[in-house]
Structure formats: structure tokens, C-alpha cells
Amino acid sequence: MHTKSKFPESIKNEVNIALRYYPSLENVPIEFKFKKNIKKSVMLAQPTFTSLFKSRENRAYIILISEKFKITGQEFKTINVPKDVLVGWLGHELGHVIDYQTRGNLEMISFGIKYVLLKEHIKEAERTADRAAVERGMADYIIKTKNFILNNAEIAESYKSRIREYYLSPEEIMEMVQEKHEKEN
């Protein structure tokens, strides 16, 4: 049980499902918090500012969730997306936390600067987060999230393009699952 996590009651079930795939984060303080708007994103995971000055073992994280996102000019509440899609989004963000847990403080600061400045670094970071979720058994959720975005005629093409450019595709995820299955057998 992730006793150090805080989250809005409205997404309790989805957060708990996603956290089950990340037992190594059990004692890591993670706050899931709604925010009015996040630029270019539906969710964003980051260390809390004050914990950047602590050792990685004592770092705390916040996952910001945009209250709304636009689909072709029409705003939708994030909590109204299909539950499995929301679990997939949360799982991806927890993949970032797993990645951040491997980095020292200076490396985290460098990571943040590169993320803001370098497109290739964004792609590497987003694909690493997807990979972390898939490796932990969340492939179905991640694929549902990708398909929700990519197959929804109402979602702006600019957002779909960003997803195609920086994240694993559903096909790449299926290949990872197949490779993992072949190694296990």
C-alpha cells in the first residue's frame, strides 16, 4: 500500500491501480494534484522544489494533472476520460518518477535544462517513461491511452503529432511485449 501518496478522492481508484504496478515507489512521497492548465501536456511529473536539495532517497514528487484539456477547441475534464486511459496516463507519469529515482540532484537539474532545450532529450525522456510502464506490465493501459489520443478525431492534430514524435507508438509497445514474452518462454 502506498501510504505516502496523496491524491484527490475523485481519482483514488485510478491512482491506486497505477501505483500497484510500481511497488518500488511504495515509500516515495508522491502527490497527485489537479492544476488549472499545463502547457502542451495533460500531466507532468517532477520532484518537488525543496526535495531537489535532498538525497534521491528522500526526494518527493508531484504529478500535476490538468483539470481540462482541449479537443478541437472544446474543453473536456480530465477525470471524464475513460478510466483505463487515465490509469495509462498516470502509469506513464509514474514511469518518469522511476527514471528520476535513478538520478542524482545535479543530474536532475541537468535533465530539466535539457528537457526544456533539446527535442531529442524530450523524446528520450518520454520513451523512457513509456518503457518503464510497459516493463511493469502496464502495456494495455499505455496502448489504450495512445489509441484514445491518436484515434480520436476530435483531438487536435498538433497534440497527436507531439505524441507520435516523442512517445512509443502502440506498435512499438506491442513489440516490447512480444520480445519480453519470447525471453520468458
# chains A, B, ... in the order shown; residues from 1 in each chain; ligands from 1

call {"tool": "select_by_dssp", "arguments": {"residues": "chain A", "states": "strand (DSSP E)", "output": "JSON, numbers by chain"}}
result
{"A": [5, 6, 30, 31, 32, 33, 34, 35, 43, 44, 45, 46, 47, 61, 62, 63, 64, 65, 66, 68, 69, 70, 71, 74, 75, 76, 77]}

call {"tool": "write_last_selection", "arguments": {"atoms": "N, CA and C atoms", "output": "mmCIF file, in the first residue's frame"}}
result
data_model
loop_
_atom_site.group_PDB
_atom_site.id
_atom_site.type_symbol
_atom_site.label_atom_id
_atom_site.label_comp_id
_atom_site.auth_asym_id
_atom_site.auth_seq_id
_atom_site.Cartn_x
_atom_site.Cartn_y
_atom_site.Cartn_z
ATOM 1 N N SER A 5 1.456 8.451 -0.576
ATOM 2 C CA SER A 5 0.859 9.142 -1.712
ATOM 3 C C SER A 5 -0.367 9.915 -1.279
ATOM 4 N N LYS A 6 -0.533 11.098 -1.893
ATOM 5 C CA LYS A 6 -1.723 11.918 -1.673
ATOM 6 C C LYS A 6 -2.377 12.135 -3.023
ATOM 7 N N ILE A 30 4.528 10.893 -3.101
ATOM 8 C CA ILE A 30 4.069 11.373 -4.401
ATOM 9 C C ILE A 30 2.707 12.024 -4.191
ATOM 10 N N GLU A 31 2.604 13.265 -4.610
ATOM 11 C CA GLU A 31 1.318 13.949 -4.532
ATOM 12 C C GLU A 31 0.755 14.107 -5.940
ATOM 13 N N PHE A 32 -0.460 13.659 -6.126
ATOM 14 C CA PHE A 32 -1.190 13.820 -7.378
ATOM 15 C C PHE A 32 -2.106 15.021 -7.172
ATOM 16 N N LYS A 33 -1.974 16.016 -8.041
ATOM 17 C CA LYS A 33 -2.685 17.262 -7.788
ATOM 18 C C LYS A 33 -3.239 17.844 -9.088
ATOM 19 N N PHE A 34 -4.493 18.253 -9.043
ATOM 20 C CA PHE A 34 -5.076 18.916 -10.201
ATOM 21 C C PHE A 34 -4.562 20.341 -10.304
ATOM 22 N N LYS A 35 -4.337 20.769 -11.551
ATOM 23 C CA LYS A 35 -3.900 22.131 -11.833
ATOM 24 C C LYS A 35 -4.799 22.668 -12.946
ATOM 25 N N MET A 43 -0.540 15.798 -18.218
ATOM 26 C CA MET A 43 0.062 15.528 -16.904
ATOM 27 C C MET A 43 1.547 15.850 -16.938
ATOM 28 N N LEU A 44 2.101 16.057 -15.742
ATOM 29 C CA LEU A 44 3.503 16.422 -15.612
ATOM 30 C C LEU A 44 4.036 15.914 -14.276
ATOM 31 N N ALA A 45 5.094 15.114 -14.314
ATOM 32 C CA ALA A 45 5.719 14.608 -13.089
ATOM 33 C C ALA A 45 7.033 15.341 -12.867
ATOM 34 N N GLN A 46 7.266 15.730 -11.608
ATOM 35 C CA GLN A 46 8.526 16.407 -11.286
ATOM 36 C C GLN A 46 8.806 16.271 -9.792
ATOM 37 N N PRO A 47 10.096 16.391 -9.429
ATOM 38 C CA PRO A 47 10.393 16.417 -7.996
ATOM 39 C C PRO A 47 9.870 17.725 -7.401
ATOM 40 N N TYR A 61 7.822 13.829 -4.895
ATOM 41 C CA TYR A 61 7.409 14.153 -6.256
ATOM 42 C C TYR A 61 5.984 14.657 -6.276
ATOM 43 N N ILE A 62 5.701 15.396 -7.331
ATOM 44 C CA ILE A 62 4.332 15.850 -7.561
ATOM 45 C C ILE A 62 3.972 15.497 -9.000
ATOM 46 N N ILE A 63 2.792 14.970 -9.169
ATOM 47 C CA ILE A 63 2.272 14.712 -10.507
ATOM 48 C C ILE A 63 1.101 15.664 -10.690
ATOM 49 N N LEU A 64 1.319 16.642 -11.556
ATOM 50 C CA LEU A 64 0.276 17.631 -11.843
ATOM 51 C C LEU A 64 -0.627 17.097 -12.948
ATOM 52 N N ILE A 65 -1.910 17.253 -12.759
ATOM 53 C CA ILE A 65 -2.904 16.769 -13.709
ATOM 54 C C ILE A 65 -3.751 17.952 -14.139
ATOM 55 N N SER A 66 -3.739 18.237 -15.414
ATOM 56 C CA SER A 66 -4.545 19.347 -15.914
ATOM 57 C C SER A 66 -6.022 19.032 -15.687
ATOM 58 N N LYS A 68 -8.477 20.226 -17.216
ATOM 59 C CA LYS A 68 -9.157 20.140 -18.508
ATOM 60 C C LYS A 68 -8.130 20.029 -19.614
ATOM 61 N N PHE A 69 -8.549 19.483 -20.731
ATOM 62 C CA PHE A 69 -7.714 19.562 -21.921
ATOM 63 C C PHE A 69 -8.634 19.810 -23.099
ATOM 64 N N LYS A 70 -8.076 20.411 -24.118
ATOM 65 C CA LYS A 70 -8.896 20.800 -25.263
ATOM 66 C C LYS A 70 -8.863 19.725 -26.336
ATOM 67 N N ILE A 71 -10.031 19.449 -26.829
ATOM 68 C CA ILE A 71 -10.167 18.585 -28.003
ATOM 69 C C ILE A 71 -10.855 19.456 -29.047
ATOM 70 N N GLN A 74 -12.964 22.331 -27.922
ATOM 71 C CA GLN A 74 -13.899 22.006 -26.852
ATOM 72 C C GLN A 74 -13.112 21.469 -25.659
ATOM 73 N N GLU A 75 -13.401 21.977 -24.471
ATOM 74 C CA GLU A 75 -12.680 21.527 -23.282
ATOM 75 C C GLU A 75 -13.362 20.332 -22.637
ATOM 76 N N PHE A 76 -12.531 19.372 -22.218
ATOM 77 C CA PHE A 76 -13.014 18.189 -21.517
ATOM 78 C C PHE A 76 -12.344 18.106 -20.161
ATOM 79 N N LYS A 77 -13.066 17.643 -19.171
ATOM 80 C CA LYS A 77 -12.455 17.413 -17.870
ATOM 81 C C LYS A 77 -11.650 16.125 -17.938
#

call {"tool": "residues_around", "arguments": {"residues": "Pro170 in chain A", "least_positions_apart": "4", "cutoff": "10 Å", "atoms": "only C-alpha atoms", "output": "PyMOL selection string"}}
result
chain A and resi 139-140+142-147+150+164+174-176

call {"tool": "write_last_selection", "arguments": {"atoms": "all heavy atoms", "output": "short mmCIF file (atom, residue, chain, number, x, y, z; two decimals), in the first residue's frame"}}
result
data_model
loop_
_atom_site.label_atom_id
_atom_site.label_comp_id
_atom_site.auth_asym_id
_atom_site.auth_seq_id
_atom_site.Cartn_x
_atom_site.Cartn_y
_atom_site.Cartn_z
N ALA A 139 1.28 -2.35 -20.30
CA ALA A 139 1.17 -2.18 -21.76
C ALA A 139 -0.26 -1.91 -22.21
O ALA A 139 -0.51 -1.01 -23.01
CB ALA A 139 1.73 -3.41 -22.48
N ASP A 140 -1.23 -2.68 -21.71
CA ASP A 140 -2.62 -2.49 -22.14
C ASP A 140 -3.12 -1.08 -21.83
O ASP A 140 -3.79 -0.46 -22.65
CB ASP A 140 -3.55 -3.52 -21.48
CG ASP A 140 -3.35 -4.92 -22.04
OD1 ASP A 140 -2.74 -5.05 -23.13
OD2 ASP A 140 -3.81 -5.87 -21.40
N ILE A 142 -1.23 1.65 -21.38
CA ILE A 142 -0.49 2.63 -22.18
C ILE A 142 -1.02 2.64 -23.62
O ILE A 142 -1.22 3.71 -24.21
CB ILE A 142 1.03 2.35 -22.14
CG1 ILE A 142 1.57 2.40 -20.70
CG2 ILE A 142 1.81 3.31 -23.04
CD1 ILE A 142 1.42 3.75 -20.01
N ILE A 143 -1.29 1.46 -24.17
CA ILE A 143 -1.83 1.38 -25.53
C ILE A 143 -3.22 2.03 -25.59
O ILE A 143 -3.52 2.76 -26.54
CB ILE A 143 -1.87 -0.09 -26.02
CG1 ILE A 143 -0.43 -0.56 -26.30
CG2 ILE A 143 -2.73 -0.23 -27.28
CD1 ILE A 143 -0.29 -2.04 -26.59
N LYS A 144 -4.05 1.79 -24.59
CA LYS A 144 -5.38 2.42 -24.58
C LYS A 144 -5.26 3.94 -24.55
O LYS A 144 -6.04 4.65 -25.21
CB LYS A 144 -6.20 1.92 -23.39
CG LYS A 144 -6.74 0.53 -23.60
CD LYS A 144 -7.51 0.03 -22.39
CE LYS A 144 -7.97 -1.40 -22.64
NZ LYS A 144 -8.66 -1.98 -21.50
N THR A 145 -4.29 4.44 -23.81
CA THR A 145 -4.08 5.89 -23.75
C THR A 145 -3.64 6.42 -25.11
O THR A 145 -4.16 7.42 -25.60
CB THR A 145 -3.06 6.24 -22.65
OG1 THR A 145 -3.52 5.71 -21.41
CG2 THR A 145 -2.88 7.75 -22.51
N LYS A 146 -2.66 5.75 -25.73
CA LYS A 146 -2.18 6.18 -27.05
C LYS A 146 -3.32 6.15 -28.07
O LYS A 146 -3.50 7.08 -28.84
CB LYS A 146 -1.05 5.28 -27.56
CG LYS A 146 0.13 5.14 -26.66
CD LYS A 146 0.95 6.38 -26.57
CE LYS A 146 2.15 6.09 -25.68
NZ LYS A 146 2.55 7.19 -24.90
N ASN A 147 -4.07 5.04 -28.09
CA ASN A 147 -5.16 4.91 -29.05
C ASN A 147 -6.25 5.94 -28.81
O ASN A 147 -6.84 6.46 -29.75
CB ASN A 147 -5.74 3.48 -29.04
CG ASN A 147 -4.80 2.50 -29.72
OD1 ASN A 147 -4.00 2.87 -30.59
ND2 ASN A 147 -4.88 1.25 -29.34
N LEU A 150 -4.61 9.08 -30.39
CA LEU A 150 -4.32 9.01 -31.82
C LEU A 150 -5.55 8.71 -32.67
O LEU A 150 -5.60 9.10 -33.84
CB LEU A 150 -3.22 7.98 -32.08
CG LEU A 150 -1.87 8.29 -31.44
CD1 LEU A 150 -0.91 7.12 -31.61
CD2 LEU A 150 -1.28 9.58 -31.99
N ARG A 164 3.09 11.25 -31.50
CA ARG A 164 3.80 10.40 -32.48
C ARG A 164 5.31 10.65 -32.46
O ARG A 164 6.10 9.74 -32.62
CB ARG A 164 3.26 10.66 -33.89
CG ARG A 164 1.94 10.02 -34.17
CD ARG A 164 1.58 10.16 -35.66
NE ARG A 164 0.15 10.15 -35.81
CZ ARG A 164 -0.60 11.24 -35.96
NH1 ARG A 164 -0.05 12.44 -36.03
NH2 ARG A 164 -1.90 11.15 -36.08
N MET A 174 3.72 -3.07 -28.50
CA MET A 174 3.40 -4.48 -28.76
C MET A 174 4.68 -5.28 -29.03
O MET A 174 4.80 -6.42 -28.59
CB MET A 174 2.43 -4.61 -29.93
CG MET A 174 1.03 -4.10 -29.60
SD MET A 174 0.31 -4.81 -28.11
CE MET A 174 0.20 -6.52 -28.55
N GLU A 175 5.63 -4.69 -29.75
CA GLU A 175 6.91 -5.36 -30.00
C GLU A 175 7.65 -5.62 -28.68
O GLU A 175 8.22 -6.70 -28.50
CB GLU A 175 7.80 -4.51 -30.93
CG GLU A 175 7.36 -4.52 -32.36
CD GLU A 175 8.18 -3.56 -33.22
OE1 GLU A 175 9.32 -3.20 -32.85
OE2 GLU A 175 7.65 -3.16 -34.28
N MET A 176 7.64 -4.65 -27.78
CA MET A 176 8.29 -4.83 -26.47
C MET A 176 7.65 -5.98 -25.70
O MET A 176 8.34 -6.81 -25.12
CB MET A 176 8.17 -3.55 -25.62
CG MET A 176 9.10 -2.45 -25.98
SD MET A 176 8.84 -1.02 -24.89
CE MET A 176 9.35 -1.68 -23.31
#

call {"tool": "atom_distance", "arguments": {"atom1": "CA of Ser24 in chain A", "atom2": "CA of Ile38 in chain A"}}
result
27.5 Å

call {"tool": "residues_around", "arguments": {"residues": "His121 in chain A", "least_positions_apart": "4", "cutoff": "12 Å", "atoms": "only C-alpha atoms", "output": "compact mmCIF listing (two decimals) with C-alpha atoms, in the first residue's frame"}}
result
# COMPACT_ATOMS: atom_id res chain seq x y z
CA SER A 110 20.80 18.95 -15.92
CA PHE A 111 17.90 16.71 -17.03
CA GLY A 112 15.41 19.56 -16.54
CA ILE A 113 17.52 22.01 -18.53
CA LYS A 114 17.99 19.53 -21.40
CA TYR A 115 14.26 18.71 -21.39
CA VAL A 116 13.43 22.38 -21.91
CA LEU A 117 16.11 22.98 -24.56
CA ALA A 125 12.64 11.04 -21.54
CA GLU A 126 9.11 10.30 -22.78
CA ARG A 127 10.06 6.97 -24.33
CA THR A 128 11.89 6.01 -21.12
CA GLU A 165 7.11 12.28 -32.36
CA TYR A 166 8.11 11.85 -28.72
CA TYR A 167 6.41 8.72 -27.35

call {"tool": "closest_residue", "arguments": {"among": "A:Ile173, A:Ile122, A:Ile17, A:Leu106", "to": "Trp89 in chain A", "atoms": "only C-alpha atoms"}}
result
A:Ile17

call {"tool": "residues_around", "arguments": {"residues": "His96 in chain A", "least_positions_apart": "4", "cutoff": "7 Å", "atoms": "only C-alpha atoms", "output": "ChimeraX atom specification"}}
result
/A:45,92,100,129

call {"tool": "write_last_selection", "arguments": {"atoms": "N, CA, C and O atoms", "output": "mmCIF file, in the first residue's frame"}}
result
data_model
loop_
_atom_site.group_PDB
_atom_site.id
_atom_site.type_symbol
_atom_site.label_atom_id
_atom_site.label_comp_id
_atom_site.auth_asym_id
_atom_site.auth_seq_id
_atom_site.Cartn_x
_atom_site.Cartn_y
_atom_site.Cartn_z
ATOM 1 N N ALA A 45 5.094 15.114 -14.314
ATOM 2 C CA ALA A 45 5.719 14.608 -13.089
ATOM 3 C C ALA A 45 7.033 15.341 -12.867
ATOM 4 O O ALA A 45 7.810 15.536 -13.796
ATOM 5 N N HIS A 92 2.261 6.295 -17.031
ATOM 6 C CA HIS A 92 3.355 6.947 -17.761
ATOM 7 C C HIS A 92 4.076 7.941 -16.851
ATOM 8 O O HIS A 92 5.314 7.957 -16.798
ATOM 9 N N TYR A 100 13.483 9.343 -12.527
ATOM 10 C CA TYR A 100 14.063 10.371 -11.671
ATOM 11 C C TYR A 100 14.741 9.763 -10.436
ATOM 12 O O TYR A 100 15.729 10.301 -9.941
ATOM 13 N N ALA A 129 9.888 6.821 -19.989
ATOM 14 C CA ALA A 129 8.726 6.712 -19.099
ATOM 15 C C ALA A 129 7.731 5.668 -19.625
ATOM 16 O O ALA A 129 7.216 4.854 -18.851
#

call {"tool": "residues_around", "arguments": {"residues": "Leu90 in chain A", "least_positions_apart": "2", "cutoff": "8 Å", "atoms": "only C-alpha atoms", "output": "MDAnalysis selection string"}}
result
chainID A and resid 14:15 18 43 86:88 92:94

call {"tool": "select_by_dssp", "arguments": {"residues": "chain A", "states": "helix (DSSP H, G or I)", "output": "ChimeraX atom specification"}}
result
/A:9-20,23-25,50-53,56-58,78-80,83-101,105-117,119-135,139-150,157-166,170-184
